[in-house]
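Have a look at the structure below before the remarks.
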Amino acid sequence: SHLRILFYVPTQTDAIGIHHELTTRLAACLSGEADVTLATTDGKKVSTTPSDYDIIHIFGCWSNSACQLAGKTHTGLTPYILTPLGMLQPWENERHRKTLLFKWQHTLTTRAAAVQVCGQLEQSTFQKLDWNPRVALIKNPVLTSLATFDETATQLLQLYRKVLDTNARILLTSETRELLGKLLQIGIDNAALENDE
């Protein structure tokens with residue numbers, strides 16, 4: 001079955017040509033492998049119920065609506081990935097530091113299942129922030145000739161699958177694992193039920 005992915009691109013991020021090109025072309029490249037919903041509004045015209053999707057990919061930073069969406073996913077089971085698009089560089093952080101949005105952006109970033117950075121500079125400055133250790137470097141094909149949209153889409157799919165596999169393992173508590181073991185045992189040995197009573 002196809003992965004259900006929400007690309008969440010806040011209005012102010014989508015208004016920037018290179019970001020619009022990145023998200024629309026990646027969504028098109030992924031459409032053969034996944035059901036991608038591209039939300040480029042502040043959530044008014046598209047379902048932003050996290051449980052409708054297997055994974056949510058948030059592009060850009062400093063958006064109230066993205067922070068609210070991330071908050072909704074935190075209470076549910078849908079993991080999200082953040083692609084900051086260079087918007088967490090030191091000068092950007094300094095501009096927002098004294099705002100409530102700074103605190104919200106920090107929370108959104110630390111709770112992300114993974115943060116996708118697009119280049120070495122962004123990776124090194126992001127790692128210095130120490131907001132999230134789960135960083136994946138996947139180049140932006142709009143900004144470099146070293147990556148094609150198809151290659152980037154393939155790398156993103158691998159990242160989504162890794163996040164979903166990790167998420168599934170985290171959700172399994174030791175009690176759940178023990179119960180699954182017993183259920184599997186019962187499936188192959190009817191006497192296991194009698195032994196347990």
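Just so we're on the same page: first chain in the structure tokens is A, next is B, and so on; residues restart at 1 for each chain, and ligands are numbered from 1 in the order they show up.
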
Contacts of range 65-74 of chain A within 8 Å, only C-alpha atoms, excl. fewer than 6 positions in-chain, as a PyMOL selection string: chain A and resi 8+10+42-43+48-50+58+80+104-105+108+111

Each residue of range 60-139 of chain A with at least one atom at most 12 Å from range 16-35 of chain A should appear once, together with its nearest atom pair and the corresponding distance in Å (one decimal); atoms considered: only C-alpha atoms; ordering: chain, then increasing residue number; output as a Markdown table.
```
| residue | atom | partner | partner_atom | distance |
| --- | --- | --- | --- | --- |
| A:Gly60 | CA | A:His19 | CA | 8.6 |
| A:Thr83 | CA | A:Thr23 | CA | 10.6 |
| A:Pro84 | CA | A:His19 | CA | 10.7 |
| A:Leu85 | CA | A:His19 | CA | 7.9 |
| A:Gly86 | CA | A:His19 | CA | 10.8 |
| A:Met87 | CA | A:His19 | CA | 11.6 |
| A:Cys118 | CA | A:Leu22 | CA | 11.3 |
| A:Lys139 | CA | A:Leu22 | CA | 10.9 |
```

Test item: residues at most 9 Å from His57 in chain A, only C-alpha atoms, excluding those fewer than 6 positions along its chain, as a list in words: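 Near His57 in chain A, the qualifying residues are Ile5, Leu6, Phe7, Tyr8, Val9, Pro79, Tyr80, Ile81, Leu82 and Thr83 of chain A.
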
Within 12 Å of range 129-132 of chain A using only C-alpha atoms, minus same-chain residues under 2 positions, as a list in words: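 Residues near the query, excluding close chain neighbours: Ile81, Leu82, Leu88, Gln89, Pro90, Asn93, Lys103, Gln105, His106, Thr107, Leu108, Thr109, Thr110, Arg111, Ala112, Ala113, Ala114, Val115, Gln116, Val117, Glu122, Gln123, Ser124, Thr125, Phe126, Gln127, Arg134, Val135 and Ala136 of chain A.
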
Residue contacts of Leu77 in chain A (9 Å, only C-alpha atoms) excluding same-chain residues fewer than 6 positions away, as number ranges by chain: A: 50-51, 54, 167, 171

Per-residue DSSP, range 44-116 of chain A, filtered to strand (DSSP E), as a PyMOL selection string: chain A and resi 55-59+80-83+114-116

Selected residue, from A:Leu179, A:Thr13, A:Trp91, A:Gly119, that lies nearest to Ala147 in chain A when counting only C-alpha atoms: A:Gly119

Which of range 20-59 of chain A DSSP labels helix (DSSP H, G or I), written as a PyMOL selection string: chain A and resi 20-30+50-52

From A:Glu92, A:Ile56, A:Lys128, A:Thr99, residue lying nearest Thr78 in chain A [only C-alpha atoms]: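 Nearest to Thr78 in chain A: A:Ile56.
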
Gap from CA of Pro141 in chain A to CA of Asn64 in chain A - Å, one decimal: 27.3 Å

Point-to-point distance from CA of Leu3 in chain A to CA of Ala39 in chain A, Å rounded to tenths: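 Pair CA of Leu3 in chain A / CA of Ala39 in chain A returns 16.3 Å.
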
Nearest-residue call for Leu156 in chain A, choices A:Asn140, A:Ser63, A:Thr40, A:Gln120, using only C-alpha atoms: A:Asn140
